[in-house]
$ cat entry_31.txt   # compact mmCIF, C-alpha atoms and all ligand atoms
# COMPACT_ATOMS: atom_id res chain seq x y z
CA MET A 30 0.00 0.00 0.00
CA ASN A 31 1.43 3.40 -0.93
CA ALA A 32 0.93 6.68 0.95
CA PHE A 33 -2.13 7.88 -1.00
CA GLU A 34 -3.76 4.44 -0.78
CA ALA A 35 -3.14 4.48 2.98
CA THR A 36 -4.88 7.85 3.38
CA ASN A 37 -7.79 6.69 1.23
CA HIS A 38 -8.01 3.48 3.24
CA TYR A 39 -8.56 5.50 6.42
CA LEU A 40 -11.08 7.70 4.66
CA ARG A 41 -13.04 4.75 3.34
CA ASN A 42 -13.13 3.19 6.82
CA SER A 43 -14.76 6.32 8.21
CA MET A 44 -17.04 6.74 5.20
CA GLU A 45 -18.31 3.22 5.72
CA VAL A 46 -19.08 3.90 9.38
CA MET A 47 -20.95 7.01 8.16
CA GLU A 48 -22.74 4.90 5.51
CA LEU A 49 -21.85 7.52 2.92
CA GLU A 50 -23.12 6.76 -0.58
CA GLU A 51 -20.49 5.43 -2.97
CA ARG A 52 -20.92 8.40 -5.37
CA VAL A 53 -20.23 10.90 -2.57
CA GLN A 54 -17.26 8.83 -1.42
CA LYS A 55 -15.77 9.09 -4.92
CA LEU A 56 -16.21 12.86 -4.91
CA LEU A 57 -14.15 13.23 -1.76
CA LEU A 58 -11.24 10.91 -2.47
CA GLN A 59 -9.57 12.27 -5.62
CA PRO A 60 -7.57 15.53 -5.74
CA ASP A 61 -9.08 18.36 -7.81
CA ARG A 62 -5.83 19.21 -9.57
CA GLN A 63 -2.33 17.72 -9.80
CA VAL A 64 0.44 19.95 -11.12
CA THR A 65 3.92 18.72 -12.08
CA VAL A 66 6.58 21.17 -13.23
CA GLU A 67 10.18 20.94 -14.31
CA VAL A 68 12.48 22.99 -12.08
CA ALA A 69 15.79 23.41 -13.90
CA VAL A 70 18.33 25.82 -12.40
CA GLU A 71 21.99 26.63 -12.79
CA LEU A 72 23.99 25.15 -9.90
CA ASP A 73 26.92 27.00 -8.31
CA ASN A 74 29.42 24.87 -10.28
CA GLY A 75 27.83 25.82 -13.61
CA ASN A 76 26.02 22.50 -14.14
CA ILE A 77 22.26 22.36 -14.57
CA GLY A 78 20.26 20.86 -11.72
CA ASN A 79 17.03 19.21 -12.88
CA TYR A 80 14.35 18.82 -10.24
CA VAL A 81 10.64 18.16 -10.36
CA GLY A 82 8.14 20.28 -8.46
CA PHE A 83 4.69 19.05 -7.45
CA ARG A 84 1.49 20.64 -6.19
CA SER A 85 -1.56 18.58 -5.43
CA GLN A 86 -4.76 20.55 -4.78
CA HIS A 87 -7.11 18.11 -3.14
CA SER A 88 -10.23 20.10 -2.28
CA ASN A 89 -11.33 23.72 -2.01
CA ALA A 90 -14.86 22.97 -0.90
CA ARG A 91 -14.38 24.89 2.36
CA GLY A 92 -11.95 27.60 1.19
CA PRO A 93 -8.68 28.14 -0.66
CA TYR A 94 -6.35 25.16 -1.02
CA LYS A 95 -3.86 25.18 1.85
CA GLY A 96 -0.80 23.18 2.77
CA GLY A 97 2.95 23.00 2.96
CA LEU A 98 5.81 22.53 0.54
CA ARG A 99 8.52 20.02 1.36
CA TYR A 100 11.97 19.70 -0.15
CA HIS A 101 13.03 16.07 -0.01
CA PRO A 102 14.18 13.39 -2.48
CA SER A 103 11.11 11.30 -1.57
CA VAL A 104 8.64 13.94 -2.80
CA ASP A 105 6.45 12.66 -5.65
CA MET A 106 2.85 13.01 -6.79
CA ASN A 107 1.69 10.03 -4.75
CA HIS A 108 2.96 11.56 -1.52
CA ALA A 109 1.69 15.00 -2.52
CA ASN A 110 -1.80 13.56 -3.11
CA SER A 111 -1.78 11.73 0.21
CA LEU A 112 -0.60 14.79 2.15
CA ALA A 113 -2.94 17.16 0.28
CA SER A 114 -5.88 14.98 1.19
CA LEU A 115 -4.79 14.96 4.85
CA MET A 116 -4.75 18.79 4.72
CA THR A 117 -8.39 18.84 3.53
CA TRP A 118 -9.46 16.81 6.56
CA LYS A 119 -7.14 18.65 8.96
CA THR A 120 -8.43 22.12 8.07
CA ALA A 121 -12.01 20.85 8.28
CA LEU A 122 -11.43 19.16 11.63
CA VAL A 123 -10.15 22.36 13.26
CA ASP A 124 -12.82 24.27 11.34
CA ILE A 125 -10.74 26.87 9.55
CA PRO A 126 -11.92 28.15 6.14
CA TYR A 127 -9.50 26.28 3.91
CA GLY A 128 -9.29 23.25 1.72
CA GLY A 129 -6.26 21.01 1.34
CA ALA A 130 -3.12 21.01 -0.81
CA LYS A 131 0.47 19.88 -0.57
CA GLY A 132 3.54 19.86 -2.73
CA GLY A 133 7.24 20.17 -2.89
CA ILE A 134 10.37 19.59 -4.88
CA ASN A 135 12.32 16.32 -5.07
CA CYS A 136 15.65 17.95 -4.15
CA ASP A 137 17.93 17.34 -1.18
CA PRO A 138 18.57 20.76 0.39
CA GLN A 139 21.41 19.33 2.49
CA LYS A 140 23.38 18.99 -0.74
CA LEU A 141 22.54 22.47 -2.02
CA SER A 142 23.86 25.93 -1.19
CA GLU A 143 21.53 28.65 0.05
CA THR A 144 21.62 30.44 -3.31
CA GLU A 145 20.83 27.19 -5.13
CA VAL A 146 17.80 26.59 -2.90
CA GLU A 147 16.72 30.18 -3.58
CA ARG A 148 16.97 29.72 -7.36
CA ILE A 149 15.03 26.45 -7.14
CA THR A 150 12.32 28.09 -5.04
CA ARG A 151 11.95 31.10 -7.34
CA LYS A 152 11.87 28.90 -10.46
CA PHE A 153 9.19 26.72 -8.85
CA VAL A 154 7.09 29.83 -8.16
CA ASP A 155 7.59 31.00 -11.77
CA ASN A 156 6.14 27.66 -12.87
CA ILE A 157 3.15 27.44 -10.50
CA HIS A 158 2.27 31.11 -9.87
CA ASP A 159 -0.89 30.96 -11.91
CA VAL A 160 -2.40 28.18 -9.76
CA ILE A 161 -1.57 29.69 -6.33
CA GLY A 162 -2.61 32.98 -4.69
CA PRO A 163 -4.00 34.44 -1.44
CA THR A 164 -7.55 33.28 -2.25
CA VAL A 165 -6.59 30.31 -4.42
CA ASP A 166 -3.87 28.17 -2.86
CA ILE A 167 -1.61 29.22 0.01
CA PRO A 168 1.62 27.25 0.56
CA ALA A 169 3.47 27.05 3.89
CA PRO A 170 6.56 25.40 5.42
CA ASP A 171 6.83 21.62 5.71
CA VAL A 172 9.77 19.19 5.86
CA ASN A 173 13.05 21.06 5.08
CA THR A 174 11.37 24.38 4.35
CA SER A 175 11.02 27.33 6.69
CA ALA A 176 10.44 31.09 6.85
CA ARG A 177 13.42 31.60 4.53
CA GLU A 178 11.79 29.79 1.59
CA MET A 179 8.43 31.43 2.33
CA ALA A 180 10.06 34.88 2.02
CA TRP A 181 11.38 33.95 -1.45
CA ILE A 182 7.95 32.63 -2.46
CA MET A 183 6.24 35.85 -1.36
CA SER A 184 8.88 37.94 -3.11
CA GLN A 185 8.71 36.02 -6.39
CA TYR A 186 4.92 35.83 -6.44
CA SER A 187 4.66 39.56 -5.64
CA LYS A 188 6.93 40.39 -8.60
CA LEU A 189 4.40 38.70 -10.86
CA HIS A 190 1.12 39.69 -9.15
CA GLY A 191 1.85 42.78 -7.03
CA PHE A 192 2.26 42.98 -3.25
CA SER A 193 0.75 39.72 -1.88
CA PRO A 194 1.77 38.81 1.68
CA GLY A 195 -1.22 36.44 1.96
CA VAL A 196 0.05 34.12 -0.81
CA VAL A 197 2.09 32.11 1.65
CA THR A 198 2.20 31.59 5.44
CA GLY A 199 5.04 30.81 7.80
CA LYS A 200 6.90 33.93 6.63
CA PRO A 201 9.65 35.66 8.66
CA LEU A 202 8.45 38.01 11.40
CA ASP A 203 10.02 40.95 9.55
CA LEU A 204 8.14 40.08 6.37
CA PHE A 205 4.49 39.79 7.40
CA GLY A 206 4.97 36.59 9.38
CA ALA A 207 3.00 35.97 12.58
CA GLN A 208 4.19 35.76 16.15
CA GLY A 209 3.96 32.15 17.26
CA ARG A 210 3.79 30.55 13.79
CA GLU A 211 7.21 28.92 14.06
CA GLU A 212 6.39 27.21 17.36
CA ALA A 213 2.74 26.51 16.51
CA THR A 214 2.85 22.90 15.31
CA GLY A 215 5.00 21.80 18.25
CA ARG A 216 2.90 23.78 20.69
CA GLY A 217 -0.25 22.18 19.27
CA VAL A 218 1.32 18.73 19.71
CA TRP A 219 1.95 19.56 23.37
CA VAL A 220 -1.64 20.78 23.91
CA ILE A 221 -2.92 17.56 22.35
CA CYS A 222 -0.60 15.51 24.61
CA GLU A 223 -2.04 17.31 27.63
CA GLU A 224 -5.59 16.65 26.46
CA VAL A 225 -5.04 12.96 25.74
CA LEU A 226 -3.22 12.48 29.04
CA LYS A 227 -6.07 14.16 30.90
CA ALA A 228 -8.61 12.00 29.05
CA THR A 229 -6.71 8.85 30.05
CA LYS A 230 -6.21 10.01 33.65
CA ARG A 231 -2.48 10.59 33.39
CA GLU A 232 -0.38 13.62 34.23
CA THR A 233 2.30 15.18 32.06
CA GLY A 234 4.65 15.42 35.05
CA ASN A 235 4.55 11.63 35.56
CA CYS A 236 5.01 10.70 31.93
CA ARG A 237 7.99 9.74 29.77
CA PHE A 238 8.06 11.03 26.20
CA VAL A 239 10.04 9.77 23.21
CA ILE A 240 10.31 12.04 20.19
CA GLN A 241 11.39 10.80 16.76
CA GLY A 242 12.69 13.82 14.82
CA PHE A 243 14.07 17.03 16.26
CA GLY A 244 13.34 19.57 13.54
CA ASN A 245 10.88 22.41 13.97
CA VAL A 246 7.98 20.26 15.19
CA GLY A 247 9.91 17.80 17.38
CA SER A 248 12.05 20.45 19.07
CA TYR A 249 9.15 22.79 19.91
CA ALA A 250 7.04 19.86 21.12
CA ALA A 251 9.96 18.82 23.37
CA LYS A 252 10.30 22.40 24.65
CA PHE A 253 6.65 22.77 25.68
CA ILE A 254 6.45 19.22 27.08
CA SER A 255 9.56 19.68 29.24
CA GLU A 256 8.40 23.14 30.39
CA ALA A 257 5.16 21.45 31.53
CA GLY A 258 7.19 18.95 33.57
CA GLY A 259 7.17 16.01 31.17
CA LYS A 260 10.28 13.86 30.98
CA VAL A 261 11.69 13.61 27.45
CA ILE A 262 13.81 10.44 27.63
CA ALA A 263 14.86 10.02 23.98
CA VAL A 264 15.04 12.02 20.78
CA SER A 265 16.50 11.49 17.32
CA ASP A 266 17.39 13.28 14.12
CA VAL A 267 18.66 12.01 10.76
CA ASN A 268 22.15 11.51 12.18
CA GLY A 269 21.34 9.51 15.31
CA ALA A 270 19.24 8.86 18.41
CA ILE A 271 19.95 9.38 22.12
CA PHE A 272 18.43 8.02 25.34
CA ASN A 273 18.63 8.87 29.02
CA GLY A 274 16.04 7.27 31.32
CA ASN A 275 16.38 10.16 33.78
CA GLY A 276 15.39 12.66 31.10
CA LEU A 277 17.26 14.85 28.62
CA ASP A 278 17.90 18.52 29.20
CA VAL A 279 15.78 19.93 26.37
CA PRO A 280 17.09 23.56 26.42
CA THR A 281 20.67 22.23 26.08
CA LEU A 282 19.61 20.00 23.19
CA ILE A 283 17.84 22.87 21.45
CA SER A 284 20.84 25.17 21.73
CA LEU A 285 23.07 22.37 20.40
CA VAL A 286 20.85 21.92 17.36
CA LYS A 287 20.65 25.70 16.82
CA GLN A 288 24.45 25.69 16.51
CA GLY A 289 24.08 23.26 13.62
CA GLN A 290 24.98 20.08 15.55
CA SER A 291 23.15 16.75 15.61
CA VAL A 292 21.35 15.58 18.76
CA SER A 293 24.06 12.87 18.85
CA GLY A 294 26.43 15.59 20.08
CA TYR A 295 24.57 15.67 23.43
CA LYS A 296 26.87 14.05 25.99
CA GLU A 297 24.63 13.08 28.94
CA ALA A 298 22.89 10.23 27.10
CA ASP A 299 23.49 6.86 25.46
CA SER A 300 23.51 6.66 21.75
CA ILE A 301 20.91 4.21 20.39
CA SER A 302 19.70 3.22 16.92
CA HIS A 303 16.64 4.72 15.23
CA ASP A 304 14.83 1.39 15.58
CA GLU A 305 15.65 1.12 19.27
CA LEU A 306 14.19 4.58 19.84
CA LEU A 307 10.84 3.52 18.39
CA ARG A 308 10.80 0.41 20.59
CA LEU A 309 11.51 2.19 23.89
CA GLU A 310 9.09 1.74 26.74
CA CYS A 311 7.39 5.09 27.33
CA ASP A 312 4.03 6.73 27.92
CA VAL A 313 3.92 8.88 24.80
CA LEU A 314 5.76 8.24 21.53
CA ILE A 315 5.77 11.19 19.15
CA PRO A 316 6.79 10.56 15.52
CA ALA A 317 7.77 14.04 14.30
CA ALA A 318 9.65 13.36 11.08
CA LEU A 319 8.60 11.74 7.80
CA GLY A 320 5.68 9.38 7.14
CA GLU A 321 5.44 5.57 7.02
CA VAL A 322 7.31 4.97 10.29
CA PHE A 323 4.97 2.37 11.78
CA VAL A 324 4.51 -0.62 9.51
CA LYS A 325 3.37 -4.22 9.86
CA ASP A 326 6.90 -5.34 10.75
CA ASN A 327 7.51 -3.06 13.74
CA ALA A 328 4.00 -2.41 15.11
CA ASP A 329 4.14 -5.43 17.44
CA GLU A 330 7.33 -4.16 19.04
CA ILE A 331 6.16 -0.66 19.93
CA GLN A 332 5.95 -0.34 23.71
CA ALA A 333 4.41 3.12 24.00
CA LYS A 334 0.98 3.48 25.58
CA ILE A 335 0.02 6.46 23.45
CA ILE A 336 1.21 7.61 20.02
CA VAL A 337 0.72 11.25 19.09
CA GLU A 338 1.23 11.72 15.34
CA ALA A 339 3.13 14.97 14.99
CA ALA A 340 4.29 13.90 11.52
CA ASN A 341 1.89 13.43 8.62
CA GLY A 342 1.07 9.83 7.78
CA PRO A 343 3.48 8.04 10.18
CA THR A 344 1.20 5.02 10.70
CA MET A 345 0.43 2.63 7.86
CA PRO A 346 -3.00 0.93 8.05
CA GLU A 347 -1.65 -2.55 8.96
CA ALA A 348 0.22 -1.03 11.90
CA ASP A 349 -2.82 1.02 12.88
CA GLU A 350 -4.86 -2.15 13.12
CA ILE A 351 -2.22 -3.78 15.34
CA PHE A 352 -2.14 -0.70 17.58
CA ASN A 353 -5.94 -0.84 17.91
CA GLN A 354 -5.78 -4.53 18.85
CA ARG A 355 -3.00 -3.86 21.35
CA ASP A 356 -4.89 -0.92 22.90
CA ILE A 357 -2.19 1.56 21.98
CA LEU A 358 -4.04 4.83 21.70
CA VAL A 359 -3.18 6.72 18.51
CA VAL A 360 -3.94 10.43 18.21
CA PRO A 361 -4.16 10.96 14.43
CA ASP A 362 -2.04 13.44 12.50
CA ILE A 363 -5.01 15.49 11.29
CA LEU A 364 -5.64 16.43 14.92
CA ALA A 365 -2.20 16.18 16.53
CA ASN A 366 -0.31 18.42 14.10
CA ALA A 367 -3.10 20.83 13.17
CA GLY A 368 -1.54 23.63 15.24
CA GLY A 369 0.68 24.66 12.33
CA VAL A 370 -2.04 25.26 9.80
CA THR A 371 -4.27 26.82 12.46
CA CYS A 372 -1.60 29.41 13.14
CA SER A 373 -1.08 29.79 9.38
CA TYR A 374 -4.73 30.79 9.26
CA PHE A 375 -4.10 33.42 11.96
CA GLU A 376 -1.15 34.74 9.94
CA TRP A 377 -3.23 34.93 6.76
CA VAL A 378 -6.05 36.74 8.58
CA GLN A 379 -3.51 39.29 9.84
CA ASN A 380 -2.10 39.68 6.31
CA MET A 381 -5.54 40.21 4.80
CA GLN A 382 -6.33 42.82 7.47
CA TYR A 383 -2.85 44.43 7.59
CA PHE A 384 -3.03 43.93 11.35
CA LYS A 385 -0.78 42.28 13.96
CA TRP A 386 -1.58 40.05 16.90
CA ASP A 387 0.81 39.62 19.83
CA LEU A 388 2.17 36.24 20.92
CA SER A 389 -0.16 35.81 23.87
CA LYS A 390 -3.27 36.32 21.71
CA THR A 391 -1.99 33.82 19.14
CA ARG A 392 -1.20 31.22 21.79
CA LYS A 393 -4.56 31.69 23.48
CA GLU A 394 -6.49 31.32 20.20
CA LEU A 395 -4.36 28.37 19.10
CA ASP A 396 -4.74 26.50 22.40
CA LYS A 397 -8.49 27.06 22.27
CA VAL A 398 -8.83 25.59 18.77
CA MET A 399 -6.65 22.61 19.64
CA ARG A 400 -8.43 21.86 22.93
CA GLU A 401 -11.92 22.21 21.48
CA SER A 402 -11.10 20.09 18.43
CA SER A 403 -9.56 17.36 20.56
CA ARG A 404 -12.54 17.23 22.88
CA THR A 405 -14.92 16.92 19.91
CA VAL A 406 -12.86 13.99 18.61
CA PHE A 407 -12.50 12.29 22.03
CA ASN A 408 -16.24 12.61 22.70
CA LEU A 409 -17.27 11.12 19.36
CA ALA A 410 -14.74 8.29 19.73
CA SER A 411 -15.93 7.31 23.19
CA SER A 412 -19.67 7.70 22.50
CA HIS A 413 -19.45 5.49 19.39
CA ASP A 414 -16.62 3.22 20.51
CA ILE A 415 -14.49 4.01 17.49
CA SER A 416 -10.82 4.94 17.17
CA LEU A 417 -9.72 8.57 17.46
CA ARG A 418 -8.67 8.43 13.80
CA THR A 419 -12.06 7.21 12.61
CA ALA A 420 -13.77 9.85 14.77
CA ALA A 421 -11.54 12.65 13.48
CA PHE A 422 -12.17 11.68 9.85
CA ILE A 423 -15.92 11.39 10.43
CA ILE A 424 -16.10 14.96 11.76
CA ALA A 425 -13.96 16.28 8.91
CA ILE A 426 -15.74 14.30 6.17
CA GLY A 427 -19.10 15.52 7.46
CA ARG A 428 -18.00 19.16 7.12
CA VAL A 429 -16.32 18.82 3.73
CA GLY A 430 -19.10 16.61 2.37
CA LYS A 431 -21.79 19.13 3.32
CA ALA A 432 -19.88 22.06 1.80
CA ARG A 433 -19.27 20.05 -1.37
CA VAL A 434 -22.87 18.94 -1.79
CA LEU A 435 -24.26 22.44 -1.00
CA GLN A 436 -22.23 23.84 -3.89
CA GLY A 437 -23.62 21.27 -6.29
CA ILE A 438 -21.78 18.43 -7.96
N1 LIG V 1 2.98 21.71 6.69
C1 LIG V 1 2.09 21.91 7.79
C2 LIG V 1 1.08 20.78 7.86
O1 LIG V 1 1.31 19.71 7.38
C3 LIG V 1 1.47 23.27 7.79
C4 LIG V 1 0.62 23.61 6.61
C5 LIG V 1 0.15 25.06 6.56
O2 LIG V 1 0.42 25.81 7.48
O3 LIG V 1 -0.50 25.39 5.56
O4 LIG V 1 0.06 20.88 8.48
$ encode --input "entry_31.txt" --output "structure tokens"
Amino acid sequence: MNAFEATNHYLRNSMEVMELEERVQKLLLQPDRQVTVEVAVELDNGNIGNYVGFRSQHSNARGPYKGGLRYHPSVDMNHANSLASLMTWKTALVDIPYGGAKGGINCDPQKLSETEVERITRKFVDNIHDVIGPTVDIPAPDVNTSAREMAWIMSQYSKLHGFSPGVVTGKPLDLFGAQGREEATGRGVWVICEEVLKATKRETGNCRFVIQGFGNVGSYAAKFISEAGGKVIAVSDVNGAIFNGNGLDVPTLISLVKQGQSVSGYKEADSISHDELLRLECDVLIPAALGEVFVKDNADEIQAKIIVEAANGPTMPEADEIFNQRDILVVPDILANAGGVTCSYFEWVQNMQYFKWDLSKTRKELDKVMRESSRTVFNLASSHDISLRTAAFIIAIGRVGKARVLQGI
């Protein structure tokens, strides 16, 4: 099963519980538009670098297409379709007026200079500018992209269409970005952890957390969890994984990573393998990197009590089934990592109104959306004895389905 099939598998499960007619099911599964463009740029050594850029626009039934852009060799149309679909359900679940999209470029930014990444980004915008826009499709950061790339996107788009800060979110603070956007996905993950722990009668201060991935999402989640008293006992990045049963000092780790080092450079911990990290005994395991982490072959060995999906698509359906059988509670990606796009919405609202919120207002509004959405999901799951994932999709499908049908087929 590939990534898009996995997403559609989850959707169909929920659609069947909802007894949705087959013709409506079909309407909601396929992306509206799939764009593939050639991104050829001159590299620093004079050679030509040939990359492929993708944008999948899944649904705009509830508002403009919305979703991130990732730069990674694994990016292809199948992944873009899967992730775009997840964005449709995510934005609906937290009830913000957007649809879903996703895209990226199949390049490896670790092997490129800053100016090469800039040329690639600007060329990509040249090639897709007529299908994006502040009321059409609004990209944002995702894996290996950040405020820096968003600034180039805004700049390039504005050259072609006039001043347009609302064309992209996750911009730098000095270029129409929003306070709190950078931390938002990780903060949302922490709020969801608090909610799920409360719902299962646990306390953050008594829990051990394992975080796979220490980029933007993983590091901010670790920060908020440790500030709330949670013990982060293991983290990883692409270069390695570390473990200390007494807890890691998260501020030290964050400053290490800010200096450009790997988490493996942290001295007060044992170095372990990526697989060992996933198999650690803990209360909450947080995948915060790429998708397809939990598969049939490792699902039986996971010893966490709760999995909070900070990454998009980390659990393949066979693993999800095993987790359900083993009573491992899984908080689905479309809820767990919705803090990022929720704060993107706040940024876009500020851009459209030429107005600025302060950090405390953003955090308050973000926490409220995350808490209310999680309670809606938890309530539906427990009243109907279904998984959190099925419940989350049912709520989202109901909203998108209604908007779609009201507009006419
Ligand atoms: N890439 C993030 C996500 O997967 C954020 C998307 C956005 O802000 O539009 O949710």
$ atom_distance --input "entry_31.txt" --atom1 "atom CA of Gly129 of chain A" --atom2 "atom CA of Val225 of chain A"
25.7 Å
$ closest_residue --input "entry_31.txt" --among "A:Ile357, A:Cys372, A:Leu202, A:Val398" --to "ligand LIG 1 (chain V)" --atoms "all atoms listed in the file"
A:Cys372
$ residues_near_ligand --input "entry_31.txt" --ligand "ligand LIG 1 (chain V)" --cutoff "9 Å" --atoms "only C-alpha atoms and all ligand atoms" --output "mmCIF file with C-alpha atoms, in the coordinates of the input"
data_model
loop_
_atom_site.group_PDB
_atom_site.id
_atom_site.type_symbol
_atom_site.label_atom_id
_atom_site.label_comp_id
_atom_site.auth_asym_id
_atom_site.auth_seq_id
_atom_site.Cartn_x
_atom_site.Cartn_y
_atom_site.Cartn_z
ATOM 1 C CA TYR A 94 -6.350 25.160 -1.020
ATOM 2 C CA LYS A 95 -3.860 25.180 1.850
ATOM 3 C CA GLY A 96 -0.800 23.180 2.770
ATOM 4 C CA GLY A 97 2.950 23.000 2.960
ATOM 5 C CA LEU A 98 5.810 22.530 0.540
ATOM 6 C CA ARG A 99 8.520 20.020 1.360
ATOM 7 C CA LEU A 112 -0.600 14.790 2.150
ATOM 8 C CA ALA A 113 -2.940 17.160 0.280
ATOM 9 C CA LEU A 115 -4.790 14.960 4.850
ATOM 10 C CA MET A 116 -4.750 18.790 4.720
ATOM 11 C CA LYS A 119 -7.140 18.650 8.960
ATOM 12 C CA THR A 120 -8.430 22.120 8.070
ATOM 13 C CA GLY A 129 -6.260 21.010 1.340
ATOM 14 C CA ALA A 130 -3.120 21.010 -0.810
ATOM 15 C CA LYS A 131 0.470 19.880 -0.570
ATOM 16 C CA ILE A 167 -1.610 29.220 0.010
ATOM 17 C CA PRO A 168 1.620 27.250 0.560
ATOM 18 C CA ALA A 169 3.470 27.050 3.890
ATOM 19 C CA PRO A 170 6.560 25.400 5.420
ATOM 20 C CA ASP A 171 6.830 21.620 5.710
ATOM 21 C CA VAL A 172 9.770 19.190 5.860
ATOM 22 C CA VAL A 197 2.090 32.110 1.650
ATOM 23 C CA THR A 198 2.200 31.590 5.440
ATOM 24 C CA GLY A 199 5.040 30.810 7.800
ATOM 25 C CA ARG A 210 3.790 30.550 13.790
ATOM 26 C CA THR A 214 2.850 22.900 15.310
ATOM 27 C CA ALA A 340 4.290 13.900 11.520
ATOM 28 C CA ASN A 341 1.890 13.430 8.620
ATOM 29 C CA ASP A 362 -2.040 13.440 12.500
ATOM 30 C CA ILE A 363 -5.010 15.490 11.290
ATOM 31 C CA ASN A 366 -0.310 18.420 14.100
ATOM 32 C CA ALA A 367 -3.100 20.830 13.170
ATOM 33 C CA GLY A 368 -1.540 23.630 15.240
ATOM 34 C CA GLY A 369 0.680 24.660 12.330
ATOM 35 C CA VAL A 370 -2.040 25.260 9.800
ATOM 36 C CA THR A 371 -4.270 26.820 12.460
ATOM 37 C CA CYS A 372 -1.600 29.410 13.140
ATOM 38 C CA SER A 373 -1.080 29.790 9.380
ATOM 39 C CA TYR A 374 -4.730 30.790 9.260
#
$ atom_distance --input "entry_31.txt" --atom1 "atom CA of Arg52 of chain A" --atom2 "atom CA of Asn37 of chain A"
14.8 Å
$ closest_residue --input "entry_31.txt" --among "A:Ser265, A:Asn408, A:Asn74, A:Thr419" --to "Leu306 of chain A" --atoms "all atoms listed in the file"
A:Ser265
$ residues_around --input "entry_31.txt" --residues "Val46 of chain A" --least-positions-apart "3" --cutoff "9 Å" --atoms "only C-alpha atoms" --output "PyMOL selection string"
chain A and resi 41-43+49+419+423
$ residues_around --input "entry_31.txt" --residues "Lys325 of chain A" --least-positions-apart "2" --cutoff "12 Å" --atoms "only C-alpha atoms" --output "ChimeraX atom specification"
/A:30,321-323,327-331,344-352
$ atom_distance --input "entry_31.txt" --atom1 "atom CA of Gly82 of chain A" --atom2 "atom CA of Ile161 of chain A"
13.7 Å
$ residues_around --input "entry_31.txt" --residues "segment 229-241 of chain A" --least-positions-apart "4" --cutoff "6 Å" --atoms "only C-alpha atoms" --output "PyMOL selection string"
chain A and resi 258-265+311-317
$ closest_residue --input "entry_31.txt" --among "A:Arg216, A:Arg418, A:Arg428, A:His87" --to "Leu395 of chain A" --atoms "only C-alpha atoms"
A:Arg216
$ residues_near_point --input "entry_31.txt" --point "(23.5, 18.4, -1.8)" --cutoff "12 Å" --atoms "only C-alpha atoms" --output "list in words"
Leu72, Asp73, Gly78, Tyr100, His101, Pro102, Asn135, Cys136, Asp137, Pro138, Gln139, Lys140, Leu141, Ser142, Glu143, Glu145 and Val146 of chain A
$ closest_residue --input "entry_31.txt" --among "A:Arg404, A:Ile438, A:Phe33, A:Gly342" --to "Ile424 of chain A" --atoms "all atoms listed in the file"
A:Arg404
